[in-house]
$ cat work.pdb   # PDB, C-alpha atoms, pLDDT in the B column
ATOM      1  CA  MET A 284      92.021 170.071 227.530  1.00 50.00           C
ATOM      2  CA  ALA A 285      91.873 170.083 223.754  1.00 63.00           C
ATOM      3  CA  ASP A 286      92.735 166.980 221.755  1.00 76.00           C
ATOM      4  CA  TYR A 287      94.844 167.383 218.612  1.00 82.00           C
ATOM      5  CA  LEU A 288      96.043 165.363 215.645  1.00 84.00           C
ATOM      6  CA  PHE A 289      99.538 165.912 214.261  1.00 89.00           C
ATOM      7  CA  VAL A 290      99.610 166.364 210.467  1.00 87.00           C
ATOM      8  CA  PRO A 291     103.167 166.189 209.030  1.00 91.00           C
ATOM      9  CA  GLN A 292     104.375 168.965 206.725  1.00 90.00           C
ATOM     10  CA  ASN A 293     105.177 166.435 203.967  1.00 90.00           C
ATOM     11  CA  VAL A 294     101.538 165.264 203.977  1.00 88.00           C
ATOM     12  CA  LEU A 295     100.315 168.853 203.609  1.00 86.00           C
ATOM     13  CA  ASP A 296     102.845 169.337 200.785  1.00 88.00           C
ATOM     14  CA  LYS A 297     101.428 166.284 198.943  1.00 89.00           C
ATOM     15  CA  TRP A 298      97.889 167.605 199.332  1.00 86.00           C
ATOM     16  CA  SER A 299      99.043 170.987 198.047  1.00 88.00           C
ATOM     17  CA  ASP A 300     100.800 169.409 195.044  1.00 91.00           C
ATOM     18  CA  LYS A 301      97.553 167.598 194.201  1.00 89.00           C
ATOM     19  CA  GLY A 302      95.602 170.879 194.380  1.00 89.00           C
ATOM     20  CA  ARG A 303      93.534 169.856 197.396  1.00 86.00           C
ATOM     21  CA  VAL A 304      94.774 172.453 199.878  1.00 86.00           C
ATOM     22  CA  GLU A 305      96.669 175.694 200.094  1.00 88.00           C
ATOM     23  CA  LEU A 306      98.827 176.453 203.103  1.00 85.00           C
ATOM     24  CA  LYS A 307      99.817 180.059 203.728  1.00 88.00           C
ATOM     25  CA  GLY A 308     101.621 180.530 206.999  1.00 84.00           C
ATOM     26  CA  HIS A 309      99.382 178.851 209.575  1.00 84.00           C
ATOM     27  CA  VAL A 310      96.196 178.982 207.516  1.00 83.00           C
ATOM     28  CA  LEU A 311      95.075 175.812 205.745  1.00 83.00           C
ATOM     29  CA  THR A 312      92.515 176.329 202.989  1.00 83.00           C
ATOM     30  CA  LEU A 313      90.526 173.428 201.558  1.00 81.00           C
ATOM     31  CA  LEU A 314      90.372 174.547 197.935  1.00 84.00           C
ATOM     32  CA  ARG A 315      87.283 172.632 196.814  1.00 81.00           C
ATOM     33  CA  GLU A 316      85.270 173.694 199.870  1.00 78.00           C
ATOM     34  CA  LYS A 317      86.778 177.212 199.993  1.00 80.00           C
ATOM     35  CA  LYS A 318      87.109 177.022 203.795  1.00 78.00           C
ATOM     36  CA  SER A 319      90.124 178.110 205.838  1.00 78.00           C
ATOM     37  CA  PHE A 320      91.410 176.902 209.207  1.00 77.00           C
ATOM     38  CA  GLN A 321      94.052 178.184 211.595  1.00 79.00           C
ATOM     39  CA  LEU A 322      96.671 175.532 212.402  1.00 87.00           C
ATOM     40  CA  THR A 323      99.353 175.413 215.089  1.00 91.00           C
ATOM     41  CA  SER A 324     102.979 174.708 214.119  1.00 93.00           C
ATOM     42  CA  ALA A 325     104.430 171.690 215.898  1.00 96.00           C
ATOM     43  CA  VAL A 326     107.119 169.027 215.715  1.00 97.00           C
ATOM     44  CA  ARG A 327     107.087 165.296 216.443  1.00 96.00           C
ATOM     45  CA  PHE A 328     110.207 163.923 218.134  1.00 97.00           C
ATOM     46  CA  VAL A 329     111.363 161.035 215.923  1.00 97.00           C
ATOM     47  CA  LYS A 330     114.760 159.862 217.225  1.00 96.00           C
ATOM     48  CA  MET A 331     117.782 160.762 219.303  1.00 97.00           C
ATOM     49  CA  GLU A 332     120.776 162.191 217.487  1.00 97.00           C
ATOM     50  CA  ALA A 333     122.917 162.685 220.620  1.00 97.00           C
ATOM     51  CA  GLY A 334     122.544 162.470 224.377  1.00 96.00           C
ATOM     52  CA  GLU A 335     119.709 160.871 226.325  1.00 96.00           C
ATOM     53  CA  ASP A 336     115.961 161.436 226.234  1.00 96.00           C
ATOM     54  CA  VAL A 337     115.826 162.672 229.836  1.00 93.00           C
ATOM     55  CA  LYS A 338     112.611 164.676 229.187  1.00 93.00           C
ATOM     56  CA  GLY A 339     110.804 161.708 227.584  1.00 96.00           C
ATOM     57  CA  LEU A 340     110.128 163.534 224.325  1.00 97.00           C
ATOM     58  CA  LEU A 341     110.566 160.687 221.820  1.00 96.00           C
ATOM     59  CA  GLN A 342     107.364 160.090 219.820  1.00 95.00           C
ATOM     60  CA  LYS A 343     105.758 163.139 221.478  1.00 96.00           C
ATOM     61  CA  VAL A 344     104.471 166.254 219.724  1.00 95.00           C
ATOM     62  CA  LYS A 345     105.241 169.761 220.960  1.00 96.00           C
ATOM     63  CA  THR A 346     104.182 173.136 219.602  1.00 95.00           C
ATOM     64  CA  LEU A 347     106.882 175.637 218.693  1.00 96.00           C
ATOM     65  CA  ASP A 348     105.715 177.803 221.605  1.00 95.00           C
ATOM     66  CA  ALA A 349     106.149 174.852 223.975  1.00 96.00           C
ATOM     67  CA  LEU A 350     109.693 174.339 222.648  1.00 97.00           C
ATOM     68  CA  LYS A 351     110.517 177.969 223.426  1.00 96.00           C
ATOM     69  CA  GLN A 352     109.098 177.635 226.930  1.00 96.00           C
ATOM     70  CA  MET A 353     111.256 174.541 227.486  1.00 95.00           C
ATOM     71  CA  GLY A 354     114.358 176.436 226.368  1.00 95.00           C
ATOM     72  CA  ALA A 355     114.840 174.179 223.334  1.00 96.00           C
ATOM     73  CA  GLU A 356     116.503 175.308 220.117  1.00 96.00           C
ATOM     74  CA  HIS A 357     114.648 174.301 216.940  1.00 96.00           C
ATOM     75  CA  TYR A 358     116.064 174.431 213.419  1.00 95.00           C
ATOM     76  CA  ARG A 359     114.414 172.555 210.556  1.00 94.00           C
ATOM     77  CA  GLU A 360     114.452 168.833 211.460  1.00 96.00           C
ATOM     78  CA  SER A 361     116.482 169.268 214.654  1.00 97.00           C
ATOM     79  CA  VAL A 362     115.795 170.225 218.249  1.00 97.00           C
ATOM     80  CA  ILE A 363     118.468 170.651 220.886  1.00 97.00           C
ATOM     81  CA  LEU A 364     117.440 170.644 224.517  1.00 96.00           C
ATOM     82  CA  GLY A 365     120.289 170.835 226.998  1.00 94.00           C
ATOM     83  CA  GLU A 366     122.769 168.085 226.086  1.00 94.00           C
ATOM     84  CA  SER A 367     120.204 166.179 224.001  1.00 96.00           C
ATOM     85  CA  ALA A 368     119.771 166.459 220.232  1.00 97.00           C
ATOM     86  CA  TYR A 369     116.661 165.131 218.510  1.00 98.00           C
ATOM     87  CA  GLN A 370     115.551 164.558 214.934  1.00 97.00           C
ATOM     88  CA  VAL A 371     112.025 165.947 214.552  1.00 97.00           C
ATOM     89  CA  GLN A 372     109.302 165.895 211.933  1.00 96.00           C
ATOM     90  CA  GLN A 373     107.732 169.272 211.203  1.00 95.00           C
ATOM     91  CA  GLY A 374     104.007 169.697 210.874  1.00 93.00           C
ATOM     92  CA  PHE A 375     100.847 171.147 212.350  1.00 92.00           C
ATOM     93  CA  LEU A 376      98.187 170.316 214.910  1.00 90.00           C
ATOM     94  CA  ALA A 377      94.550 169.880 213.872  1.00 80.00           C
ATOM     95  CA  ASP A 378      91.534 169.508 216.186  1.00 71.00           C
ATOM     96  CA  ALA A 379      90.982 165.758 216.754  1.00 67.00           C
ATOM     97  CA  ASN A 380      87.548 166.296 218.344  1.00 65.00           C
ATOM     98  CA  ALA A 381      86.337 167.516 214.960  1.00 52.00           C
ATOM     99  CA  LEU A 382      87.742 164.308 213.455  1.00 46.00           C
ATOM    100  CA  ARG A 383      85.797 162.214 215.955  1.00 53.00           C
ATOM    101  CA  ARG A 384      82.560 164.048 215.181  1.00 52.00           C
ATOM    102  CA  ALA A 385      83.065 163.535 211.453  1.00 42.00           C
ATOM    103  CA  ALA A 386      83.813 159.850 211.995  1.00 43.00           C
ATOM    104  CA  GLY A 387      80.793 159.423 214.281  1.00 49.00           C
ATOM    105  CA  VAL A 388      83.020 158.450 217.246  1.00 44.00           C
ATOM    106  CA  SER A 389      82.105 159.761 220.669  1.00 40.00           C
ATOM    107  CA  GLN A 390      84.406 162.054 222.606  1.00 43.00           C
ATOM    108  CA  PRO A 391      86.541 160.636 225.400  1.00 46.00           C
ATOM    109  CA  ALA A 392      84.579 160.219 228.653  1.00 44.00           C
ATOM    110  CA  GLY A 393      86.323 163.171 230.298  1.00 45.00           C
ATOM    111  CA  ASP A 394      85.224 165.519 227.499  1.00 44.00           C
ATOM    112  CA  LYS A 395      81.496 164.739 227.648  1.00 42.00           C
ATOM    113  CA  LYS A 396      79.215 167.382 229.093  1.00 41.00           C
ATOM    114  CA  PRO A 397      76.553 166.493 231.654  1.00 39.00           C
ATOM    115  CA  ALA A 398      73.061 166.109 230.225  1.00 38.00           C
ATOM    116  CA  GLY A 399      71.830 169.050 232.287  1.00 41.00           C
ATOM    117  CA  ASP A 400      74.117 171.576 230.574  1.00 42.00           C
ATOM    118  CA  LYS A 401      72.263 174.257 228.647  1.00 42.00           C
ATOM    119  CA  LYS A 402      73.126 174.926 225.030  1.00 44.00           C
ATOM    120  CA  PRO A 403      74.114 178.441 223.950  1.00 48.00           C
ATOM    121  CA  ALA A 404      71.162 180.591 222.939  1.00 53.00           C
ATOM    122  CA  GLY A 405      70.535 182.836 219.928  1.00 54.00           C
ATOM    123  CA  ALA A 406      73.483 184.331 218.066  1.00 53.00           C
ATOM    124  CA  GLU A 407      75.951 182.559 220.368  1.00 56.00           C
ATOM    125  CA  LYS A 408      74.471 179.177 219.393  1.00 49.00           C
ATOM    126  CA  HIS A 409      74.590 180.127 215.692  1.00 49.00           C
ATOM    127  CA  ARG A 410      78.308 181.020 215.949  1.00 51.00           C
ATOM    128  CA  GLN A 411      79.029 177.738 217.743  1.00 51.00           C
ATOM    129  CA  ASP A 412      77.064 175.754 215.125  1.00 55.00           C
ATOM    130  CA  GLU A 413      78.999 177.514 212.342  1.00 57.00           C
ATOM    131  CA  LYS A 414      82.336 176.772 214.037  1.00 55.00           C
ATOM    132  CA  ASP A 415      81.337 173.128 214.571  1.00 62.00           C
ATOM    133  CA  GLY A 416      80.366 172.854 210.899  1.00 65.00           C
ATOM    134  CA  GLU A 417      83.737 174.185 209.781  1.00 68.00           C
ATOM    135  CA  GLN A 418      85.565 171.808 212.137  1.00 66.00           C
ATOM    136  CA  ASP A 419      83.489 168.929 210.791  1.00 71.00           C
ATOM    137  CA  LEU A 420      84.454 169.933 207.244  1.00 74.00           C
ATOM    138  CA  LEU A 421      88.152 169.930 208.152  1.00 75.00           C
ATOM    139  CA  ALA A 422      87.725 166.627 209.967  1.00 70.00           C
ATOM    140  CA  GLN A 423      86.062 164.985 206.974  1.00 75.00           C
ATOM    141  CA  PHE A 424      88.828 166.260 204.679  1.00 78.00           C
ATOM    142  CA  LEU A 425      91.505 164.836 207.000  1.00 75.00           C
ATOM    143  CA  LEU A 426      89.689 161.502 207.287  1.00 69.00           C
ATOM    144  CA  ASP A 427      89.356 161.260 203.515  1.00 77.00           C
ATOM    145  CA  ASN A 428      92.993 162.138 202.847  1.00 76.00           C
ATOM    146  CA  LEU A 429      95.047 160.673 205.719  1.00 66.00           C
ATOM    147  CA  GLN A 430      95.948 157.267 204.344  1.00 56.00           C
TER     148      GLN A 430
END

$ encode --input "work.pdb" --output "structure tokens"
Amino acid sequence: MADYLFVPQNVLDKWSDKGRVELKGHVLTLLREKKSFQLTSAVRFVKMEAGEDVKGLLQKVKTLDALKQMGAEHYRESVILGESAYQVQQGFLADANALRRAAGVSQPAGDKKPAGDKKPAGAEKHRQDEKDGEQDLLAQFLLDNLQ
């Protein structure tokens, strides 16, 4: 299963105001590096506005697709699920494994591949190396700017 980092919308707005990134829809572009990344819209459940947290969502992050699947109604900083109303923080998910690689931290034990696994060959390996390089670039940007 993939591992993601939640990046709040207000943080992306600050980066945009400083001319570091451009966000168009779900595409984040690092302006200095001229690289673009697809992000996934998500919300972080901050506090209860009404009802009880019967689903255990407080301090959790859910994608907008997951909210739809749960039958939740989302509007700006609010989510209503059944009789429960939550205040949420809007943002996006970024690949945390890329952050770990950029920081030189190993992946969680469950994500490591056995030593006997073969690496992709030829063009397939080149595409994977290119993708890994772009993820590392995004990871380094996030590490440098998330403070």

$ atom_distance --input "work.pdb" --atom1 "atom CA of A:Leu322" --atom2 "atom CA of A:Thr346"
10.7 Å

$ closest_residue --input "work.pdb" --among "A:Asp296, A:Tyr369, A:Pro291, A:Glu356" --to "A:Leu340" --atoms "only C-alpha atoms"
A:Tyr369

$ resolve_selection --input "work.pdb" --expression "the PyMOL selection byres ((chain A and resi 326-335) around 9)" --output "PDB file with C-alpha atoms, in the frame of the given file"
ATOM      1  CA  PHE A 289      99.538 165.912 214.261  1.00 89.00           C
ATOM      2  CA  PRO A 291     103.167 166.189 209.030  1.00 91.00           C
ATOM      3  CA  SER A 324     102.979 174.708 214.119  1.00 93.00           C
ATOM      4  CA  ALA A 325     104.430 171.690 215.898  1.00 96.00           C
ATOM      5  CA  ASP A 336     115.961 161.436 226.234  1.00 96.00           C
ATOM      6  CA  VAL A 337     115.826 162.672 229.836  1.00 93.00           C
ATOM      7  CA  LYS A 338     112.611 164.676 229.187  1.00 93.00           C
ATOM      8  CA  LEU A 340     110.128 163.534 224.325  1.00 97.00           C
ATOM      9  CA  LEU A 341     110.566 160.687 221.820  1.00 96.00           C
ATOM     10  CA  GLN A 342     107.364 160.090 219.820  1.00 95.00           C
ATOM     11  CA  LYS A 343     105.758 163.139 221.478  1.00 96.00           C
ATOM     12  CA  VAL A 344     104.471 166.254 219.724  1.00 95.00           C
ATOM     13  CA  LYS A 345     105.241 169.761 220.960  1.00 96.00           C
ATOM     14  CA  THR A 346     104.182 173.136 219.602  1.00 95.00           C
ATOM     15  CA  LEU A 347     106.882 175.637 218.693  1.00 96.00           C
ATOM     16  CA  GLU A 360     114.452 168.833 211.460  1.00 96.00           C
ATOM     17  CA  SER A 361     116.482 169.268 214.654  1.00 97.00           C
ATOM     18  CA  VAL A 362     115.795 170.225 218.249  1.00 97.00           C
ATOM     19  CA  GLU A 366     122.769 168.085 226.086  1.00 94.00           C
ATOM     20  CA  SER A 367     120.204 166.179 224.001  1.00 96.00           C
ATOM     21  CA  ALA A 368     119.771 166.459 220.232  1.00 97.00           C
ATOM     22  CA  TYR A 369     116.661 165.131 218.510  1.00 98.00           C
ATOM     23  CA  GLN A 370     115.551 164.558 214.934  1.00 97.00           C
ATOM     24  CA  VAL A 371     112.025 165.947 214.552  1.00 97.00           C
ATOM     25  CA  GLN A 372     109.302 165.895 211.933  1.00 96.00           C
ATOM     26  CA  GLN A 373     107.732 169.272 211.203  1.00 95.00           C
ATOM     27  CA  GLY A 374     104.007 169.697 210.874  1.00 93.00           C
ATOM     28  CA  PHE A 375     100.847 171.147 212.350  1.00 92.00           C
TER      29      PHE A 375
END

$ closest_residue --input "work.pdb" --among "A:Asp348, A:Asp419, A:Asp427, A:Asp286" --to "A:Asp378" --atoms "all atoms listed in the file"
A:Asp286

$ resolve_selection --input "work.pdb" --expression "the PyMOL selection byres ((chain A and resi 319) around 12)" --output "compact mmCIF listing (two decimals) with C-alpha atoms, keeping the file's coordinate frame"
# COMPACT_ATOMS: atom_id res chain seq x y z
CA VAL A 304 94.77 172.45 199.88
CA GLU A 305 96.67 175.69 200.09
CA LEU A 306 98.83 176.45 203.10
CA LYS A 307 99.82 180.06 203.73
CA GLY A 308 101.62 180.53 207.00
CA HIS A 309 99.38 178.85 209.58
CA VAL A 310 96.20 178.98 207.52
CA LEU A 311 95.08 175.81 205.74
CA THR A 312 92.52 176.33 202.99
CA LEU A 313 90.53 173.43 201.56
CA LEU A 314 90.37 174.55 197.94
CA ARG A 315 87.28 172.63 196.81
CA GLU A 316 85.27 173.69 199.87
CA LYS A 317 86.78 177.21 199.99
CA LYS A 318 87.11 177.02 203.80
CA PHE A 320 91.41 176.90 209.21
CA GLN A 321 94.05 178.18 211.60
CA LEU A 322 96.67 175.53 212.40
CA LYS A 414 82.34 176.77 214.04
CA GLU A 417 83.74 174.18 209.78
CA GLN A 418 85.56 171.81 212.14
CA LEU A 420 84.45 169.93 207.24
CA LEU A 421 88.15 169.93 208.15
CA PHE A 424 88.83 166.26 204.68

$ atom_distance --input "work.pdb" --atom1 "atom CA of A:Ser299" --atom2 "atom CA of A:Tyr358"
23.2 Å

$ atom_distance --input "work.pdb" --atom1 "atom CA of A:Val294" --atom2 "atom CA of A:Lys351"
24.9 Å
